[in-house]
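K.L.:
Mind having a look at this structure? Questions to follow.
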Amino acid sequence: MLKVINLKEFSPSVDYALAIVEIEIEKAISEKVTAIKVLHGYGSHGYGGVILVELRRRLQFLKRQKKISDYFGGDKWNMFDKLTLNLLNKDKSISGDCDLNNNNPGITIIII
């Protein structure tokens with residue numbers, strides 16, 4: 001199952017956005033969710049870019065702590081990327097995601 005977090009919906013501060021994502025990661029682990037798609041924007045209005053950078057920095061930390069398996073940007077969310085293919089093989093229900101193969105830099109995929 002792919003869980004979606006839409007941060008663009010309410011334009012949170014960076015700290016609040018990171019807190020939301022970390023809470024949702026904890027929930028996803030207990031709910032047996034396969035991956036999380038975070039919609040954060042890519043910075044055309046100022047906020048998305050800062051959240052994108054800080055989110056990926058935090059995800060790198062969480063990966064080192066083994067709280068998540070991996071993560072990658074929407075530019076790699078396509079059928080030609082090894083991480084994407086591994087994720088889709090693990091959970092076929094994700095293959096219908098509307099952002100798959102759209103090269104969307106405004107999203108991040110978190111593999112639980």
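Numbering starts fresh at 1 for the residues of each chain in the structure tokens, the chains themselves are lettered A, B, ... in the order given, and ligands are numbered from 1 as they appear.
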Give me, as a tab-separated table, each residue of range 50-109 of chain A that comes within 8 Å of range 6-28 of chain A, together with its shortest interatomic pair and the distance in Å at one decimal, counting only C-alpha atoms, with rows ordered by chain and rising residue number.

P.N.:
```
residue	atom	partner	partner_atom	distance
A:Val50	CA	A:Val14	CA	7.1
A:Ile51	CA	A:Val14	CA	5.4
A:Glu54	CA	A:Val14	CA	7.3
A:Leu55	CA	A:Leu18	CA	6.3
A:Arg58	CA	A:Leu18	CA	7.7
A:Ile68	CA	A:Ile25	CA	8.0
```

K.L.:
Mind checking which residues fall within 12 Å of range 85-99 of chain A, counting only C-alpha atoms, ignoring those fewer than 3 positions away in the same chain, and posting them as a PyMOL selection string?

P.N.:
chain A and resi 1-4+32-39+69-82+102-112

K.L.:
Between CA of Ile5 in chain A and CA of Lys66 in chain A, what is the distance in Å, rounded to a tenth?

P.N.:
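Distance between the two atoms: 20.9 Å.
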
K.L.:
Using only C-alpha atoms, which of the listed residues (A:Asn101, A:Gly41, A:Leu52, A:Lys67) sits closest to Ile29 in chain A?

P.N.:
A:Lys67

K.L.:
So that I can check the secondary structure, give me every residue of range 33-81 of chain A assigned strand (DSSP E or B) by backbone DSSP, as a ChimeraX atom specification.

P.N.:
/A:35-39,70-73

K.L.:
Looking only at helix (DSSP H, G or I) from DSSP on the backbone, list the matching residues of chain A as JSON, numbers by chain.

P.N.:
{"A": [14, 15, 16, 17, 18, 19, 20, 21, 22, 23, 24, 25, 26, 27, 28, 29, 30, 47, 48, 49, 50, 51, 52, 53, 54, 55, 56, 57, 58, 59, 60, 61, 62, 63, 64, 74, 75, 76, 82, 83, 84, 85, 86, 87, 88, 89, 90, 92, 93, 94, 95, 96]}
